[in-house]
>>> print(open('protein.pdb').read())   # PDB, C-alpha atoms
ATOM      1  CA  MET A 183     -10.502   2.736 -12.340
ATOM      2  CA  THR A 184      -7.030   4.255 -12.284
ATOM      3  CA  ASP A 185      -7.853   5.934 -15.608
ATOM      4  CA  ILE A 186      -9.805   8.469 -13.541
ATOM      5  CA  LEU A 187      -6.627   9.628 -11.819
ATOM      6  CA  THR A 188      -4.245   9.355 -14.765
ATOM      7  CA  GLY A 189      -6.766  11.145 -16.972
ATOM      8  CA  ALA A 190      -6.872  14.062 -14.542
ATOM      9  CA  LEU A 191      -3.070  14.202 -14.311
ATOM     10  CA  ALA A 192      -2.669  14.057 -18.098
ATOM     11  CA  ALA A 193      -3.745  17.705 -18.294
ATOM     12  CA  PHE A 194      -0.493  18.607 -16.490
ATOM     13  CA  ALA A 195       1.807  16.244 -18.410
ATOM     14  CA  GLY A 196       5.051  17.833 -19.529
ATOM     15  CA  PRO A 197       8.742  18.097 -18.584
ATOM     16  CA  GLU A 198       8.002  17.511 -14.884
ATOM     17  CA  LEU A 199       5.177  14.979 -15.131
ATOM     18  CA  VAL A 200       5.381  11.906 -17.360
ATOM     19  CA  ILE A 201       2.671   9.264 -17.704
ATOM     20  CA  SER A 202       3.740   5.873 -19.053
ATOM     21  CA  TYR A 203       1.159   3.245 -19.997
ATOM     22  CA  PRO A 204       1.720  -0.485 -20.487
ATOM     23  CA  ILE A 205       0.671  -2.209 -23.688
ATOM     24  CA  GLU A 206      -2.248  -3.898 -21.937
ATOM     25  CA  LYS A 207      -5.044  -1.351 -21.569
ATOM     26  CA  ASP A 208      -6.965  -3.209 -18.857
ATOM     27  CA  THR A 209      -4.653  -3.047 -15.831
ATOM     28  CA  GLY A 210      -7.325  -3.252 -13.159
ATOM     29  CA  GLY A 211      -7.023  -0.870 -10.252
ATOM     30  CA  ASP A 212      -3.237  -0.713  -9.978
ATOM     31  CA  LEU A 213      -1.162   2.422 -10.523
ATOM     32  CA  ASP A 214       2.478   3.203  -9.776
ATOM     33  CA  LEU A 215       3.819   6.632  -8.825
ATOM     34  CA  ARG A 216       7.470   7.639  -8.879
ATOM     35  CA  PHE A 217       8.616  10.834  -7.181
ATOM     36  CA  TRP A 218      12.099  11.477  -8.577
ATOM     37  CA  ASN A 219      14.524  14.222  -7.585
ATOM     38  CA  VAL A 220      17.159  14.116 -10.312
ATOM     39  CA  SER A 221      19.808  16.362  -8.747
ATOM     40  CA  GLU A 222      19.714  14.530  -5.403
ATOM     41  CA  GLY A 223      19.362  11.049  -6.893
ATOM     42  CA  ARG A 224      16.375  10.417  -4.640
ATOM     43  CA  ASP A 225      13.324   8.275  -5.434
ATOM     44  CA  LEU A 226      10.098   7.468  -3.646
ATOM     45  CA  TRP A 227       8.003   4.677  -5.164
ATOM     46  CA  VAL A 228       4.287   4.334  -4.374
ATOM     47  CA  ARG A 229       1.993   1.533  -5.541
ATOM     48  CA  ILE A 230      -1.732   2.257  -5.481
ATOM     49  CA  GLN A 231      -4.682  -0.079  -5.781
ATOM     50  CA  ALA A 232      -8.064   1.541  -6.376
ATOM     51  CA  LYS A 233     -11.377   0.312  -4.992
ATOM     52  CA  ARG A 234     -14.827   1.758  -5.534
ATOM     53  CA  LEU A 235     -17.581   2.001  -2.926
ATOM     54  CA  ASN A 236     -20.453  -0.343  -3.732
ATOM     55  CA  ALA A 237     -23.737   0.816  -5.232
ATOM     56  CA  ALA A 238     -26.388   2.543  -3.134
ATOM     57  CA  VAL A 239     -28.483  -0.523  -2.299
ATOM     58  CA  VAL A 240     -28.220   0.167   1.448
ATOM     59  CA  GLN A 241     -27.984   3.294   3.585
ATOM     60  CA  ASN A 242     -24.788   5.278   3.034
ATOM     61  CA  LYS A 243     -23.525   4.502   6.523
ATOM     62  CA  ASN A 244     -23.681   0.771   5.693
ATOM     63  CA  ARG A 245     -21.999   0.877   2.277
ATOM     64  CA  SER A 246     -18.765  -1.046   1.824
ATOM     65  CA  TYR A 247     -15.878  -1.749  -0.545
ATOM     66  CA  SER A 248     -17.091  -5.155  -1.637
ATOM     67  CA  GLU A 249     -14.013  -5.993  -3.753
ATOM     68  CA  LEU A 250     -11.531  -5.762  -0.891
ATOM     69  CA  LEU A 251     -11.579  -9.555  -0.466
ATOM     70  CA  HIS A 252     -11.101 -10.220  -4.171
ATOM     71  CA  ARG A 253      -9.120 -13.289  -5.261
ATOM     72  CA  PRO A 254      -8.050 -13.638  -8.923
ATOM     73  CA  SER A 255      -8.799 -17.366  -8.671
ATOM     74  CA  PRO A 256      -9.126 -20.068  -5.977
ATOM     75  CA  LYS A 257      -5.449 -20.889  -6.550
ATOM     76  CA  HIS A 258      -4.339 -17.322  -5.809
ATOM     77  CA  ASP A 259      -4.064 -15.546  -2.485
ATOM     78  CA  TYR A 260      -6.257 -12.602  -1.593
ATOM     79  CA  GLN A 261      -5.453  -9.449  -3.521
ATOM     80  CA  PHE A 262      -5.051  -7.412  -0.323
ATOM     81  CA  ARG A 263      -2.187  -9.657   0.811
ATOM     82  CA  THR A 264      -0.411  -9.228  -2.512
ATOM     83  CA  LEU A 265      -0.621  -5.450  -2.162
ATOM     84  CA  ARG A 266       0.385  -5.487   1.512
ATOM     85  CA  ASP A 267       3.402  -7.686   0.750
ATOM     86  CA  THR A 268       4.651  -5.524  -2.132
ATOM     87  CA  PRO A 269       8.474  -5.661  -1.880
ATOM     88  CA  PRO A 270      10.659  -2.649  -1.016
ATOM     89  CA  PRO A 271      11.020   0.133  -1.855
ATOM     90  CA  TRP A 272       7.349   0.390  -2.849
ATOM     91  CA  VAL A 273       4.970   2.040  -0.370
ATOM     92  CA  PRO A 274       1.591   0.318  -0.942
ATOM     93  CA  LEU A 275      -1.590   2.378  -0.595
ATOM     94  CA  TYR A 276      -5.289   1.989  -1.290
ATOM     95  CA  LEU A 277      -7.212   4.628  -3.209
ATOM     96  CA  PHE A 278     -10.912   4.547  -2.358
ATOM     97  CA  TYR A 279     -13.419   6.210  -4.679
ATOM     98  CA  ASN A 280     -16.550   7.424  -2.891
ATOM     99  CA  HIS A 281     -19.815   8.684  -4.342
ATOM    100  CA  ALA A 282     -20.787  12.331  -3.884
ATOM    101  CA  SER A 283     -23.914  11.337  -1.958
ATOM    102  CA  VAL A 284     -21.700   9.705   0.671
ATOM    103  CA  THR A 285     -19.394  12.693   1.098
ATOM    104  CA  MET A 286     -22.435  14.902   1.778
ATOM    105  CA  ASP A 287     -24.214  12.412   4.031
ATOM    106  CA  PRO A 288     -24.868  13.713   7.595
ATOM    107  CA  ASN A 289     -23.442  10.452   8.973
ATOM    108  CA  PHE A 290     -19.985  11.420   7.664
ATOM    109  CA  ARG A 291     -20.103  15.210   7.430
ATOM    110  CA  GLY A 292     -17.664  16.976   9.740
ATOM    111  CA  LEU A 293     -15.844  13.836  10.845
ATOM    112  CA  VAL A 294     -12.055  13.606  11.033
ATOM    113  CA  PRO A 295     -10.612  11.884   9.073
ATOM    114  CA  SER A 296     -13.040  13.195   6.482
ATOM    115  CA  VAL A 297     -14.715  11.217   3.701
ATOM    116  CA  SER A 298     -14.057  12.737   0.281
ATOM    117  CA  GLY A 299     -14.499  11.708  -3.327
ATOM    118  CA  ALA A 300     -11.099  10.005  -3.219
ATOM    119  CA  ASN A 301      -9.423   8.839  -0.023
ATOM    120  CA  LEU A 302      -6.118   7.094   0.575
ATOM    121  CA  ALA A 303      -5.200   4.499   3.203
ATOM    122  CA  PHE A 304      -2.078   2.506   4.000
ATOM    123  CA  ALA A 305      -2.379  -1.030   2.653
ATOM    124  CA  SER A 306      -1.022  -2.466   5.906
ATOM    125  CA  ASP A 307      -3.865  -0.878   7.893
ATOM    126  CA  ILE A 308      -6.594  -2.160   5.575
ATOM    127  CA  ALA A 309      -4.964  -5.599   5.416
ATOM    128  CA  ALA A 310      -5.050  -5.865   9.212
ATOM    129  CA  GLU A 311      -8.796  -5.174   9.180
ATOM    130  CA  LEU A 312      -9.358  -7.794   6.481
ATOM    131  CA  GLU A 313      -7.254 -10.395   8.281
ATOM    132  CA  ALA A 314      -9.405  -9.790  11.361
ATOM    133  CA  LYS A 315     -12.522 -10.238   9.257
ATOM    134  CA  LEU A 316     -11.300 -13.561   7.847
ATOM    135  CA  ALA A 317     -10.263 -14.816  11.277
ATOM    136  CA  GLY A 318     -13.538 -13.712  12.828
ATOM    137  CA  ALA A 319     -15.636 -15.426  10.179
ATOM    138  CA  SER A 320     -14.499 -18.824  11.438
ATOM    139  CA  GLY A 321     -14.652 -17.969  15.125
ATOM    140  CA  THR A 322     -17.354 -18.386  17.747
ATOM    141  CA  PRO A 323     -18.981 -15.954  17.959
ATOM    142  CA  LYS A 324     -18.305 -14.612  14.479
ATOM    143  CA  THR A 325     -16.671 -11.169  14.371
ATOM    144  CA  GLY A 326     -15.406  -8.699  11.786
ATOM    145  CA  ALA A 327     -18.545  -8.762   9.643
ATOM    146  CA  LEU A 328     -18.436  -4.971   9.192
ATOM    147  CA  ASN A 329     -14.727  -4.636   8.426
ATOM    148  CA  LYS A 330     -15.233  -3.742   4.744
ATOM    149  CA  ARG A 331     -17.637  -0.910   5.509
ATOM    150  CA  LEU A 332     -16.640   2.689   4.923
ATOM    151  CA  SER A 333     -17.883   3.578   8.408
ATOM    152  CA  HIS A 334     -15.508   1.009   9.924
ATOM    153  CA  LEU A 335     -12.478   1.852   7.758
ATOM    154  CA  ARG A 336     -12.895   5.648   7.907
ATOM    155  CA  PRO A 337     -10.390   6.161  10.804
ATOM    156  CA  HIS A 338      -7.654   4.843   8.481
ATOM    157  CA  LEU A 339      -8.441   7.252   5.632
ATOM    158  CA  PHE A 340      -6.656  10.428   4.612
ATOM    159  CA  CYS A 341      -7.004  12.822   1.702
ATOM    160  CA  LEU A 342      -5.377  12.557  -1.714
ATOM    161  CA  GLU A 343      -3.720  15.932  -1.121
ATOM    162  CA  ALA A 344      -1.265  14.233   1.239
ATOM    163  CA  LEU A 345       0.232  12.488  -1.779
ATOM    164  CA  LEU A 346      -0.189  14.969  -4.624
ATOM    165  CA  CYS A 347      -0.179  18.342  -2.821
ATOM    166  CA  PRO A 348       2.035  17.989   0.273
ATOM    167  CA  ARG A 349       3.272  21.103   2.041
ATOM    168  CA  SER A 350       6.674  22.118   0.696
ATOM    169  CA  THR A 351       9.285  24.742   1.500
ATOM    170  CA  VAL A 352      10.830  24.353  -1.967
ATOM    171  CA  ARG A 353       8.951  27.036  -3.856
ATOM    172  CA  SER A 354      10.886  26.455  -7.071
ATOM    173  CA  GLU A 355       9.351  23.000  -7.527
ATOM    174  CA  THR A 356       6.006  22.658  -9.287
ATOM    175  CA  VAL A 357       5.559  18.930  -8.577
ATOM    176  CA  PRO A 358       5.741  16.953  -5.320
ATOM    177  CA  THR A 359       9.272  15.904  -4.388
ATOM    178  CA  PRO A 360      10.225  12.564  -2.797
ATOM    179  CA  ASP A 361      11.147  14.287   0.457
ATOM    180  CA  THR A 362       7.912  16.271   0.807
ATOM    181  CA  VAL A 363       5.754  13.266  -0.076
ATOM    182  CA  SER A 364       7.556  10.900   2.300
ATOM    183  CA  ALA A 365       7.309  13.493   5.098
ATOM    184  CA  SER A 366       3.612  13.985   4.385
ATOM    185  CA  LEU A 367       2.896  10.251   4.415
ATOM    186  CA  ARG A 368       4.930   9.753   7.599
ATOM    187  CA  GLU A 369       2.839  12.451   9.265
ATOM    188  CA  ARG A 370      -0.395  10.697   8.232
ATOM    189  CA  TYR A 371       0.965   7.360   9.393
ATOM    190  CA  VAL A 372       1.798   8.687  12.847
ATOM    191  CA  ARG A 373      -1.464  10.641  13.077
ATOM    192  CA  SER A 374      -3.552   7.525  12.409
ATOM    193  CA  ALA A 375      -1.720   5.415  15.022
ATOM    194  CA  PRO A 376      -4.688   5.227  17.471
ATOM    195  CA  ALA A 377      -6.742   3.426  14.804
ATOM    196  CA  ARG A 378      -3.976   1.001  13.883
ATOM    197  CA  PRO A 379      -3.943  -2.577  15.148
ATOM    198  CA  ARG A 380      -0.517  -3.663  16.335
ATOM    199  CA  GLU A 381       0.885  -5.826  13.556
ATOM    200  CA  ARG A 382       4.257  -6.219  11.920
ATOM    201  CA  TYR A 383       3.521  -4.721   8.507
ATOM    202  CA  GLY A 384       2.978  -1.244   9.938
ATOM    203  CA  ASP A 385       6.578  -0.894  11.063
ATOM    204  CA  GLU A 386       7.762  -1.890   7.596
ATOM    205  CA  THR A 387       5.634   0.825   6.002
ATOM    206  CA  PHE A 388       7.083   3.497   8.277
ATOM    207  CA  ARG A 389      10.619   2.254   7.606
ATOM    208  CA  ARG A 390      10.178   2.638   3.855
ATOM    209  CA  LEU A 391       9.010   6.208   4.391
ATOM    210  CA  SER A 392      12.006   6.957   6.618
ATOM    211  CA  GLU A 393      14.894   5.701   4.490
ATOM    212  CA  PRO A 394      18.016   7.896   4.226
ATOM    213  CA  HIS A 395      18.015  10.438   1.421
ATOM    214  CA  GLU A 396      19.650   8.232  -1.153
ATOM    215  CA  LEU A 397      18.635   6.537  -4.350
ATOM    216  CA  MET A 398      16.275   3.631  -3.834
ATOM    217  CA  THR A 399      15.503   1.574  -6.916
ATOM    218  CA  ALA A 400      12.993  -1.249  -7.090
ATOM    219  CA  ASP A 401      14.187  -4.515  -8.595
ATOM    220  CA  GLY A 402      13.557  -4.640 -12.318
ATOM    221  CA  ILE A 403      12.879  -0.908 -12.600
ATOM    222  CA  GLY A 404      15.341   1.181 -14.537
ATOM    223  CA  ARG A 405      16.640   4.354 -12.973
ATOM    224  CA  THR A 406      16.678   6.264 -16.234
ATOM    225  CA  LEU A 407      13.595   7.708 -17.864
ATOM    226  CA  GLN A 408      14.226   7.976 -21.582
ATOM    227  CA  ASP A 409      13.763  11.121 -23.674
ATOM    228  CA  GLY A 410      10.349  11.270 -25.290
ATOM    229  CA  PRO A 411       6.764  12.488 -25.011
ATOM    230  CA  ALA A 412       5.069  13.318 -21.730
ATOM    231  CA  VAL A 413       2.461  10.600 -22.317
ATOM    232  CA  ARG A 414       3.893   7.383 -23.724
ATOM    233  CA  ILE A 415       3.698   3.607 -24.047
ATOM    234  CA  ASP A 416       6.267   1.482 -22.210
ATOM    235  CA  ARG A 417       6.296  -2.207 -23.115
ATOM    236  CA  GLN A 418       8.152  -3.133 -19.914
ATOM    237  CA  LEU A 419       5.426  -1.928 -17.549
ATOM    238  CA  ASP A 420       2.682  -3.992 -15.956
ATOM    239  CA  TYR A 421       0.781  -0.966 -14.629
ATOM    240  CA  PRO A 422       0.535   2.716 -15.556
ATOM    241  CA  LEU A 423       3.423   4.717 -14.094
ATOM    242  CA  VAL A 424       3.251   8.429 -13.282
ATOM    243  CA  THR A 425       6.670  10.038 -12.768
ATOM    244  CA  PHE A 426       6.991  13.402 -11.005
ATOM    245  CA  ILE A 427      10.375  14.920 -11.911
ATOM    246  CA  SER A 428      11.860  17.483  -9.527
ATOM    247  CA  GLY A 429      15.423  18.758  -9.147
ATOM    248  CA  ARG A 430      15.903  18.944 -12.906
ATOM    249  CA  THR A 431      19.489  19.417 -14.092
ATOM    250  CA  GLY A 432      20.994  20.810 -17.266
ATOM    251  CA  ASP A 433      22.892  17.637 -18.121
ATOM    252  CA  SER A 434      22.093  14.150 -19.385
ATOM    253  CA  ARG A 435      20.723  13.013 -16.027
ATOM    254  CA  THR A 436      17.464  14.804 -16.795
ATOM    255  CA  PRO A 437      15.463  13.411 -19.732
ATOM    256  CA  VAL A 438      14.179  15.698 -22.464
ATOM    257  CA  ILE A 439      10.391  15.562 -22.315
ATOM    258  CA  SER A 440       8.210  17.072 -25.018
ATOM    259  CA  ASP A 441       5.342  19.217 -23.778
ATOM    260  CA  VAL A 442       2.844  17.867 -26.296
ATOM    261  CA  PRO A 443       1.759  14.389 -25.162
ATOM    262  CA  SER A 444       1.256  11.613 -27.664
ATOM    263  CA  GLN A 445      -2.113   9.901 -27.980
ATOM    264  CA  ARG A 446      -2.516   6.676 -26.042
ATOM    265  CA  GLY A 447      -2.903   3.733 -28.394
TER     266      GLY A 447
END
>>> encode(input="protein.pdb", output="structure tokens")
Amino acid sequence: MTDILTGALAAFAGPELVISYPIEKDTGGDLDLRFWNVSEGRDLWVRIQAKRLNAAVVQNKNRSYSELLHRPSPKHDYQFRTLRDTPPPWVPLYLFYNHASVTMDPNFRGLVPSVSGANLAFASDIAAELEAKLAGASGTPKTGALNKRLSHLRPHLFCLEALLCPRSTVRSETVPTPDTVSASLRERYVRSAPARPRERYGDETFRRLSEPHELMTADGIGRTLQDGPAVRIDRQLDYPLVTFISGRTGDSRTPVISDVPSQRG
């Protein structure tokens, strides 16, 4: 499903936007974003997992994201816990794809937060709802049966623009910078506080968005992006990685990226 987003971004690939694909074509719904300011040595890392709204077999107001409680196998933990527990400095988010009929449905029209074709949500918020659903399923009386529904999760949603088109005072930059994206996500996190259950993972999310303006590098991820095409294959990746390069310099710190992307194999 992440091919929908990377395919749209590929049209803008070039010196300031690089898309790197792993060897394995089927990477599920995971996508990594890196917002890199070269001159300031500042990084913001975002991990996204995409989920699609289920088919229209019920009324739009009752439709849900049926794969939210997916487990790779009985021996593995729930996928939502793996995303929620993503180690620093990653900021884990969900990307929910919604059908056009839902976005135009009177049950959702005019509501804030709004339902759009693609909505984001903090993984910690969605995980709290799913933990409540699992706990309620074994309780008496049973609770949480509706916790995967769009109508229930909507208060946690925000628009994709918060990530890809945040407000910026740096007019010279043509791509989102780590500072503008982190500020935008912090604003959404604070704004959605009334809908957030009190649980420990929320504070961790806010902390990662509020780190000092210094280089933060995830374990096992190189700081240097090599010279090469704007769309490339990287054998070391597990998921597609989109790198937004701001603060370009005239020295070796900034990679040389060709404008003409190579074809994905």
>>> resolve_selection(input="protein.pdb", expression="the PyMOL selection byres ((chain A and resi 226-239) around 6)", output="PyMOL selection string")
chain A and resi 211-217+225+240+246-247+272-280+360
>>> atom_distance(input="protein.pdb", atom1="atom CA of A:Ala319", atom2="atom CA of A:Glu249")
16.9 Å
>>> residues_around(input="protein.pdb", residues="stretch 297-308 of chain A", least_positions_apart="5", cutoff="8 Å", atoms="all atoms listed in the file", output="list in words")
Phe262, Leu265, Arg266, Pro274, Leu275, Tyr276, Leu277, Phe278, Tyr279, Asn280, His281, Ala282, Val284, Thr285, Phe290, Arg291, Leu335, Arg336, His338, Leu339, Phe340, Cys341, Leu342, Tyr371, Arg378, Pro379, Tyr383, Gly384 and Thr387 of chain A
>>> resolve_selection(input="protein.pdb", expression="the PyMOL selection byres ((chain A and resi 430-438) around 7)", output="list of chain:residue names")
A:Val220, A:Ser221, A:Leu407, A:Gln408, A:Asp409, A:Gly410, A:Ile427, A:Ser428, A:Gly429, A:Ile439, A:Ser440
>>> resolve_selection(input="protein.pdb", expression="the PyMOL selection byres ((chain A and resi 191) around 12)", output="ChimeraX atom specification")
/A:184-190,192-196,198-202,215,346,357,412-413,423-426,443
>>> atom_distance(input="protein.pdb", atom1="atom CA of A:Asp416", atom2="atom CA of A:Ile205")
6.9 Å
>>> atom_distance(input="protein.pdb", atom1="atom CA of A:Leu332", atom2="atom CA of A:Arg245")
6.2 Å
>>> residues_around(input="protein.pdb", residues="A:Asp287", least_positions_apart="6", cutoff="10 Å", atoms="only C-alpha atoms", output="CSV table (one decimal) with C-alpha atoms, in the coordinates of the input")
chain,number,residue,atom,x,y,z
A,241,GLN,CA,-28.0,3.3,3.6
A,242,ASN,CA,-24.8,5.3,3.0
A,243,LYS,CA,-23.5,4.5,6.5
A,297,VAL,CA,-14.7,11.2,3.7
>>> closest_residue(input="protein.pdb", among="A:Leu345, A:Arg414, A:Glu355, A:Ala309", to="A:Glu369", atoms="all atoms listed in the file")
A:Leu345
>>> closest_residue(input="protein.pdb", among="A:Leu312, A:Pro270, A:Arg263, A:Arg370", to="A:Arg331", atoms="all atoms listed in the file")
A:Leu312
